[in-house]
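Participant: Below is protein.pdb; it holds PDB, C-alpha atoms.
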```pdb
ATOM      1  CA  MET A   1      28.912  17.468  49.494
ATOM      2  CA  LYS A   2      27.215  19.022  52.480
ATOM      3  CA  THR A   3      28.111  22.360  54.042
ATOM      4  CA  ILE A   4      30.112  21.938  57.246
ATOM      5  CA  LYS A   5      31.068  24.266  60.085
ATOM      6  CA  LEU A   6      32.712  24.377  63.501
ATOM      7  CA  GLY A   7      31.633  21.435  65.681
ATOM      8  CA  ASP A   8      30.314  19.254  62.853
ATOM      9  CA  GLN A   9      31.355  15.615  62.669
ATOM     10  CA  GLY A  10      31.654  13.003  59.926
ATOM     11  CA  GLU A  11      33.695  11.717  57.014
ATOM     12  CA  GLU A  12      33.636  15.136  55.334
ATOM     13  CA  ILE A  13      35.787  16.469  58.166
ATOM     14  CA  ILE A  14      38.543  13.983  57.349
ATOM     15  CA  LEU A  15      38.372  14.998  53.686
ATOM     16  CA  LEU A  16      38.586  18.661  54.694
ATOM     17  CA  GLN A  17      41.617  17.995  56.900
ATOM     18  CA  GLN A  18      43.354  16.184  54.039
ATOM     19  CA  ALA A  19      42.529  18.988  51.608
ATOM     20  CA  LEU A  20      43.849  21.609  54.012
ATOM     21  CA  VAL A  21      47.094  19.668  54.441
ATOM     22  CA  SER A  22      47.478  19.387  50.662
ATOM     23  CA  ASN A  23      47.126  23.166  50.533
ATOM     24  CA  GLY A  24      49.959  23.675  52.996
ATOM     25  CA  TYR A  25      48.124  23.875  56.341
ATOM     26  CA  SER A  26      49.224  21.910  59.393
ATOM     27  CA  VAL A  27      45.940  20.574  60.757
ATOM     28  CA  THR A  28      45.513  17.636  63.123
ATOM     29  CA  GLU A  29      43.448  14.739  61.743
ATOM     30  CA  SER A  30      40.021  14.577  63.334
ATOM     31  CA  LYS A  31      36.417  13.624  62.632
ATOM     32  CA  VAL A  32      35.317  16.817  64.384
ATOM     33  CA  PHE A  33      35.499  20.279  62.777
ATOM     34  CA  THR A  34      37.911  21.879  65.242
ATOM     35  CA  GLU A  35      38.783  25.521  65.888
ATOM     36  CA  GLU A  36      42.173  24.746  64.346
ATOM     37  CA  MET A  37      40.431  23.692  61.120
ATOM     38  CA  ARG A  38      38.167  26.735  61.188
ATOM     39  CA  ALA A  39      41.159  29.084  61.464
ATOM     40  CA  ALA A  40      42.807  27.349  58.501
ATOM     41  CA  VAL A  41      39.590  27.556  56.468
ATOM     42  CA  VAL A  42      39.244  31.279  57.209
ATOM     43  CA  ASP A  43      42.821  31.867  56.054
ATOM     44  CA  PHE A  44      42.243  29.792  52.919
ATOM     45  CA  GLN A  45      39.055  31.701  52.137
ATOM     46  CA  LYS A  46      40.812  35.053  52.556
ATOM     47  CA  ASN A  47      43.597  33.956  50.212
ATOM     48  CA  ASN A  48      41.152  32.765  47.543
ATOM     49  CA  GLY A  49      38.700  35.648  47.391
ATOM     50  CA  LEU A  50      35.939  33.843  49.297
ATOM     51  CA  GLU A  51      33.787  35.040  52.166
ATOM     52  CA  ALA A  52      36.006  34.351  55.184
ATOM     53  CA  ASN A  53      33.371  32.912  57.515
ATOM     54  CA  GLY A  54      34.993  29.560  58.316
ATOM     55  CA  ILE A  55      32.024  27.677  56.841
ATOM     56  CA  VAL A  56      32.836  25.177  54.098
ATOM     57  CA  GLY A  57      30.100  25.478  51.475
ATOM     58  CA  TYR A  58      30.066  24.606  47.796
ATOM     59  CA  ARG A  59      32.527  27.209  46.486
ATOM     60  CA  THR A  60      35.008  26.625  49.319
ATOM     61  CA  TRP A  61      34.808  22.867  48.734
ATOM     62  CA  GLU A  62      35.288  23.414  45.004
ATOM     63  CA  ILE A  63      38.406  25.527  45.348
ATOM     64  CA  ILE A  64      40.008  23.606  48.201
ATOM     65  CA  LEU A  65      39.577  20.266  46.400
ATOM     66  CA  PHE A  66      40.828  21.457  43.021
ATOM     67  CA  THR A  67      43.691  23.790  43.874
ATOM     68  CA  ASN A  68      47.243  22.511  43.542
ATOM     69  CA  LYS A  69      46.203  20.204  40.717
ATOM     70  CA  PRO A  70      48.426  19.922  37.615
ATOM     71  CA  ALA A  71      47.697  22.717  35.139
ATOM     72  CA  GLY A  72      47.571  20.404  32.102
ATOM     73  CA  THR A  73      44.472  20.341  29.930
ATOM     74  CA  LYS A  74      43.636  16.650  30.318
ATOM     75  CA  LEU A  75      41.332  15.437  33.057
ATOM     76  CA  ALA A  76      42.241  12.616  35.397
ATOM     77  CA  GLU A  77      39.845  10.005  36.739
ATOM     78  CA  GLU A  78      40.168  11.649  40.146
ATOM     79  CA  ASP A  79      38.681  14.883  38.783
ATOM     80  CA  PHE A  80      35.427  13.167  37.842
ATOM     81  CA  HIS A  81      35.281  11.478  41.246
ATOM     82  CA  LEU A  82      35.906  14.733  43.137
ATOM     83  CA  LEU A  83      33.265  16.612  41.144
ATOM     84  CA  ALA A  84      30.804  13.762  41.548
ATOM     85  CA  MET A  85      31.415  13.851  45.289
ATOM     86  CA  LEU A  86      30.904  17.616  45.290
ATOM     87  CA  LEU A  87      27.589  17.267  43.427
ATOM     88  CA  ASP A  88      26.536  14.087  45.241
ATOM     89  CA  CYS A  89      26.081  12.213  41.966
ATOM     90  CA  GLU A  90      27.805   9.290  40.255
ATOM     91  CA  PRO A  91      31.018   9.810  38.252
ATOM     92  CA  ALA A  92      29.440   7.691  35.520
ATOM     93  CA  ALA A  93      26.610  10.219  35.220
ATOM     94  CA  LEU A  94      29.054  13.092  34.622
ATOM     95  CA  LYS A  95      30.999  11.002  32.141
ATOM     96  CA  ALA A  96      27.782  10.209  30.289
ATOM     97  CA  VAL A  97      27.060  13.922  29.775
ATOM     98  CA  GLN A  98      30.586  14.518  28.495
ATOM     99  CA  ASN A  99      30.367  11.528  26.182
ATOM    100  CA  VAL A 100      27.122  12.719  24.604
ATOM    101  CA  GLU A 101      28.225  16.345  24.268
ATOM    102  CA  THR A 102      31.661  15.809  22.728
ATOM    103  CA  GLY A 103      31.763  12.110  21.970
ATOM    104  CA  GLY A 104      34.256  11.685  24.787
ATOM    105  CA  ARG A 105      36.879  13.545  22.758
ATOM    106  CA  GLY A 106      37.690  16.138  25.389
ATOM    107  CA  GLY A 107      37.621  19.881  25.801
ATOM    108  CA  PHE A 108      40.206  21.036  23.250
ATOM    109  CA  PHE A 109      40.548  20.677  19.498
ATOM    110  CA  ALA A 110      44.221  21.655  19.809
ATOM    111  CA  PRO A 111      46.385  23.593  22.302
ATOM    112  CA  ASN A 112      44.675  26.890  23.134
ATOM    113  CA  LYS A 113      41.626  25.919  21.076
ATOM    114  CA  PRO A 114      38.740  24.849  23.347
ATOM    115  CA  THR A 115      36.077  22.691  21.750
ATOM    116  CA  ILE A 116      33.305  24.925  20.372
ATOM    117  CA  LEU A 117      30.269  24.895  18.119
ATOM    118  CA  PHE A 118      28.965  28.224  16.835
ATOM    119  CA  GLU A 119      25.200  28.751  16.648
ATOM    120  CA  GLY A 120      24.038  31.353  14.132
ATOM    121  CA  HIS A 121      20.464  31.501  15.409
ATOM    122  CA  ILE A 122      21.727  32.276  18.905
ATOM    123  CA  PHE A 123      23.951  34.994  17.442
ATOM    124  CA  TRP A 124      20.822  36.494  15.878
ATOM    125  CA  SER A 125      19.086  36.672  19.261
ATOM    126  CA  GLN A 126      22.195  37.881  21.091
ATOM    127  CA  LEU A 127      22.590  40.810  18.697
ATOM    128  CA  LYS A 128      18.935  41.723  19.244
ATOM    129  CA  LYS A 129      19.481  41.675  23.011
ATOM    130  CA  LYS A 130      22.233  44.247  22.534
ATOM    131  CA  GLY A 131      19.893  46.506  20.557
ATOM    132  CA  MET A 132      21.510  45.630  17.226
ATOM    133  CA  ASN A 133      19.305  44.737  14.269
ATOM    134  CA  PRO A 134      20.723  41.423  12.961
ATOM    135  CA  GLU A 135      19.153  42.003   9.540
ATOM    136  CA  ASN A 136      21.646  44.824   9.009
ATOM    137  CA  TYR A 137      24.518  42.324   9.209
ATOM    138  CA  VAL A 138      23.189  39.352   7.259
ATOM    139  CA  LYS A 139      24.688  40.238   3.858
ATOM    140  CA  GLY A 140      27.999  38.420   3.579
ATOM    141  CA  ASN A 141      27.365  36.672   6.908
ATOM    142  CA  GLU A 142      24.637  34.266   5.914
ATOM    143  CA  ASN A 143      26.691  31.359   7.267
ATOM    144  CA  ILE A 144      26.800  32.754  10.817
ATOM    145  CA  LEU A 145      23.603  34.775  11.155
ATOM    146  CA  TYR A 146      20.094  33.418  10.719
ATOM    147  CA  PRO A 147      16.866  33.592  12.782
ATOM    148  CA  LYS A 148      16.209  29.849  13.121
ATOM    149  CA  TRP A 149      18.481  26.881  13.865
ATOM    150  CA  MET A 150      20.204  25.469  10.793
ATOM    151  CA  LYS A 151      22.659  22.579  10.795
ATOM    152  CA  GLY A 152      23.920  23.090   7.262
ATOM    153  CA  TYR A 153      26.354  25.870   8.116
ATOM    154  CA  TYR A 154      28.307  23.896  10.713
ATOM    155  CA  LYS A 155      31.924  23.375   9.670
ATOM    156  CA  GLY A 156      32.740  21.137  12.601
ATOM    157  CA  GLY A 157      35.959  20.743  14.552
ATOM    158  CA  ILE A 158      38.540  23.482  14.660
ATOM    159  CA  ALA A 159      37.015  25.075  11.530
ATOM    160  CA  GLU A 160      34.247  26.390  13.818
ATOM    161  CA  TYR A 161      36.759  29.046  14.873
ATOM    162  CA  GLU A 162      36.519  30.552  11.386
ATOM    163  CA  ARG A 163      32.807  31.139  11.988
ATOM    164  CA  LEU A 164      33.427  32.409  15.526
ATOM    165  CA  GLU A 165      36.071  34.902  14.361
ATOM    166  CA  GLN A 166      33.756  36.082  11.600
ATOM    167  CA  ALA A 167      31.054  36.731  14.196
ATOM    168  CA  ARG A 168      33.493  38.420  16.559
ATOM    169  CA  ARG A 169      34.146  41.047  13.909
ATOM    170  CA  ILE A 170      30.514  42.073  14.270
ATOM    171  CA  ASP A 171      30.355  41.918  18.089
ATOM    172  CA  ILE A 172      32.798  39.955  20.214
ATOM    173  CA  ASP A 173      30.610  39.470  23.300
ATOM    174  CA  ALA A 174      27.543  38.415  21.315
ATOM    175  CA  ALA A 175      29.716  36.030  19.292
ATOM    176  CA  ASN A 176      31.280  34.411  22.346
ATOM    177  CA  ALA A 177      27.850  34.071  23.944
ATOM    178  CA  SER A 178      26.607  32.272  20.811
ATOM    179  CA  ALA A 179      29.042  29.352  20.908
ATOM    180  CA  SER A 180      28.919  26.241  23.052
ATOM    181  CA  TRP A 181      32.204  25.760  24.896
ATOM    182  CA  GLY A 182      34.361  23.012  26.318
ATOM    183  CA  MET A 183      34.015  19.319  26.917
ATOM    184  CA  PHE A 184      30.439  19.740  28.175
ATOM    185  CA  GLN A 185      29.415  22.258  25.483
ATOM    186  CA  ILE A 186      27.980  24.981  27.705
ATOM    187  CA  MET A 187      26.508  27.903  25.772
ATOM    188  CA  GLY A 188      28.355  31.143  26.397
ATOM    189  CA  PHE A 189      25.205  33.051  27.332
ATOM    190  CA  ASN A 190      25.087  30.878  30.469
ATOM    191  CA  TYR A 191      28.248  32.518  31.824
ATOM    192  CA  ALA A 192      26.542  33.981  34.926
ATOM    193  CA  VAL A 193      24.947  30.647  35.884
ATOM    194  CA  CYS A 194      28.453  29.170  35.647
ATOM    195  CA  GLY A 195      29.659  31.630  38.279
ATOM    196  CA  GLU A 196      31.508  34.007  35.948
ATOM    197  CA  LYS A 197      30.893  37.766  36.072
ATOM    198  CA  THR A 198      31.315  38.385  32.330
ATOM    199  CA  ILE A 199      31.334  36.428  29.083
ATOM    200  CA  THR A 200      35.022  37.389  28.772
ATOM    201  CA  GLU A 201      35.833  35.679  32.092
ATOM    202  CA  PHE A 202      33.766  32.636  31.061
ATOM    203  CA  VAL A 203      35.705  32.262  27.808
ATOM    204  CA  ALA A 204      39.038  32.724  29.605
ATOM    205  CA  ALA A 205      38.048  29.906  31.987
ATOM    206  CA  MET A 206      37.215  27.648  29.039
ATOM    207  CA  TYR A 207      40.673  28.318  27.616
ATOM    208  CA  GLU A 208      42.329  27.475  30.946
ATOM    209  CA  SER A 209      41.948  23.684  31.171
ATOM    210  CA  GLU A 210      39.557  20.761  30.975
ATOM    211  CA  ARG A 211      39.461  20.805  34.756
ATOM    212  CA  LYS A 212      38.169  24.366  34.746
ATOM    213  CA  GLN A 213      35.589  23.404  32.126
ATOM    214  CA  LEU A 214      34.437  20.595  34.424
ATOM    215  CA  MET A 215      34.157  22.961  37.386
ATOM    216  CA  LEU A 216      32.063  25.478  35.433
ATOM    217  CA  THR A 217      29.826  22.679  34.194
ATOM    218  CA  ALA A 218      29.220  21.495  37.749
ATOM    219  CA  ARG A 219      28.165  25.009  38.733
ATOM    220  CA  PHE A 220      25.897  25.175  35.693
ATOM    221  CA  ILE A 221      24.203  21.881  36.536
ATOM    222  CA  LYS A 222      23.765  22.883  40.174
ATOM    223  CA  GLN A 223      22.554  26.447  39.622
ATOM    224  CA  SER A 224      20.264  25.588  36.703
ATOM    225  CA  GLY A 225      18.205  23.223  38.833
ATOM    226  CA  MET A 226      19.034  20.111  36.829
ATOM    227  CA  LEU A 227      21.118  18.398  39.507
ATOM    228  CA  PRO A 228      18.225  16.298  40.918
ATOM    229  CA  ALA A 229      17.627  14.839  37.444
ATOM    230  CA  LEU A 230      21.322  13.949  37.141
ATOM    231  CA  GLN A 231      21.383  12.417  40.612
ATOM    232  CA  THR A 232      18.367  10.206  39.887
ATOM    233  CA  LYS A 233      19.397   9.509  36.267
ATOM    234  CA  ASN A 234      16.116  10.950  34.998
ATOM    235  CA  TRP A 235      17.638  11.379  31.550
ATOM    236  CA  ALA A 236      14.534  12.774  29.855
ATOM    237  CA  GLU A 237      14.229  15.561  32.412
ATOM    238  CA  PHE A 238      17.967  16.226  32.370
ATOM    239  CA  ALA A 239      18.089  16.336  28.558
ATOM    240  CA  LYS A 240      15.102  18.694  28.441
ATOM    241  CA  ARG A 241      16.885  21.125  30.749
ATOM    242  CA  TYR A 242      20.375  20.679  29.310
ATOM    243  CA  ASN A 243      19.634  20.353  25.583
ATOM    244  CA  GLY A 244      16.289  22.141  25.321
ATOM    245  CA  PRO A 245      12.680  21.081  24.761
ATOM    246  CA  ALA A 246      13.501  19.541  21.367
ATOM    247  CA  TYR A 247      15.906  17.060  22.975
ATOM    248  CA  ALA A 248      13.895  14.049  21.786
ATOM    249  CA  GLN A 249      14.561  14.890  18.120
ATOM    250  CA  ASN A 250      18.199  13.971  18.700
ATOM    251  CA  ALA A 251      17.395  11.225  21.238
ATOM    252  CA  TYR A 252      19.586  12.934  23.836
ATOM    253  CA  ASP A 253      17.858  11.095  26.672
ATOM    254  CA  LYS A 254      18.486   7.697  25.107
ATOM    255  CA  LYS A 255      22.084   8.589  24.303
ATOM    256  CA  LEU A 256      22.646   9.685  27.902
ATOM    257  CA  ALA A 257      21.117   6.482  29.258
ATOM    258  CA  ASP A 258      23.279   4.338  26.991
ATOM    259  CA  ALA A 259      26.446   6.279  27.860
ATOM    260  CA  TYR A 260      25.679   6.004  31.575
ATOM    261  CA  CYS A 261      25.306   2.233  31.301
ATOM    262  CA  LYS A 262      28.656   2.042  29.541
ATOM    263  CA  TYR A 263      30.489   3.955  32.285
ATOM    264  CA  ALA A 264      28.563   2.464  35.217
ATOM    265  CA  GLY A 265      29.651  -1.002  34.059
TER     266      GLY A 265
END
```
Now, as a test, write the supplied structure out as structure tokens.

Facilitator:
Amino acid sequence: MKTIKLGDQGEEIILLQQALVSNGYSVTESKVFTEEMRAAVVDFQKNNGLEANGIVGYRTWEIILFTNKPAGTKLAEEDFHLLAMLLDCEPAALKAVQNVETGGRGGFFAPNKPTILFEGHIFWSQLKKKGMNPENYVKGNENILYPKWMKGYYKGGIAEYERLEQARRIDIDAANASASWGMFQIMGFNYAVCGEKTITEFVAAMYESERKQLMLTARFIKQSGMLPALQTKNWAEFAKRYNGPAYAQNAYDKKLADAYCKYAG
């Protein structure tokens, strides 16, 4: 979705007018960004903690398109289409990422329990970043604290919260940063790239709804520089950036390509 301002023309202006109306503004339909629209945008920005400059960029588009949506945890088809429009990619591409990350099961194990997977090797590095020697905490915590990736300690499903709570007793921020969260499994240490000021705010957003998880994921994809790979369906490049340099060991690129084909029809 391109940035638009006073005097611009095009289909985006109609979408903006419709979004403003859905947010309670009385704005005349037009294909030109009018002064009336600009005044409404400025008011909307002021009311939503945005820079009130009357220019509709990414964050203004994001909030104006997704406000006044039902607060339930389940995503609707429209959500994928709106986010895809915002990122200028295909809905099927976003769905492919979600399918590979959580098997299409969604962003919550149960009410108030976002989907997570705790990573003990990340916890090791996060403690070190805080100036804490992880070796001092290993005894009795061997299942959540180790220097290299190990799959054997995963409990899977909602039982991952037992490991997370165990880690939180050592350091809550480092623990939260060491889990992957939500329906797109974003690592907590990426909170700033997702547009959140603190890991606490990131986790709160993950608890809010699947829609919020989708919005944070879109920011992550955009700000991490992996959007061009998603737009062109360069799955090897996308998997390398999203899943790490060892992506090929788990055939993430092939899984993404197969999932995309399924959703693209």

Participant: Given the file shown, determine the residues that the PyMOL selection byres ((chain A and resi 48) around 12) selects; report them as a PyMOL selection string.

Facilitator: chain A and resi 23+41-47+49-52+59-64+67

Participant: Looking at all atoms listed in the file, which of A:Val100, A:Ala205, A:Leu216, A:Ile4 is the one that sits closest to Leu16 in chain A?

Facilitator: A:Ile4

Participant: Draw an axis-aligned box tight on the listed atoms of range 87-93 of chain A, then pad every side by 3 Å and write out centre and edge lengths in Å to one decimal as JSON.

Facilitator:
```
{"center_x": 28.5, "center_y": 12.5, "center_z": 40.2, "size_x": 10.9, "size_y": 15.6, "size_z": 16.0}
```

Participant: With all atoms listed in the file as the counted atoms, please give the residues lying no more than 9 Å from Glu90 in chain A, apart from itself and same-chain residues fewer than 5 positions off, as JSON, numbers by chain.

Facilitator: {"A": [80, 81, 84, 85, 95, 230, 231, 264]}

Participant: Neighbourhood query: residues within 12 Å of (24.5, 33.0, 35.1), file coordinates, counting all atoms listed in the file; return as a short mmCIF file (atom, residue, chain, number, x, y, z; two decimals) with C-alpha atoms, in the frame of the given file.

Facilitator:
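So result-v2.cif came out as:
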```cif
data_model
loop_
_atom_site.label_atom_id
_atom_site.label_comp_id
_atom_site.auth_asym_id
_atom_site.auth_seq_id
_atom_site.Cartn_x
_atom_site.Cartn_y
_atom_site.Cartn_z
CA ALA A 177 27.85 34.07 23.94
CA ILE A 186 27.98 24.98 27.70
CA MET A 187 26.51 27.90 25.77
CA GLY A 188 28.36 31.14 26.40
CA PHE A 189 25.20 33.05 27.33
CA ASN A 190 25.09 30.88 30.47
CA TYR A 191 28.25 32.52 31.82
CA ALA A 192 26.54 33.98 34.93
CA VAL A 193 24.95 30.65 35.88
CA CYS A 194 28.45 29.17 35.65
CA GLY A 195 29.66 31.63 38.28
CA GLU A 196 31.51 34.01 35.95
CA LYS A 197 30.89 37.77 36.07
CA THR A 198 31.32 38.38 32.33
CA ILE A 199 31.33 36.43 29.08
CA PHE A 202 33.77 32.64 31.06
CA LEU A 216 32.06 25.48 35.43
CA THR A 217 29.83 22.68 34.19
CA ARG A 219 28.16 25.01 38.73
CA PHE A 220 25.90 25.18 35.69
CA ILE A 221 24.20 21.88 36.54
CA LYS A 222 23.76 22.88 40.17
CA GLN A 223 22.55 26.45 39.62
CA SER A 224 20.26 25.59 36.70
#
```

Participant: Applied to this file, what does the PyMOL selection byres ((chain A and resi 131-134) around 12) return in terms of residues, put as a ChimeraX atom specification?

Facilitator: /A:120-130,135-139,141-142,144-147,167,170-171,174
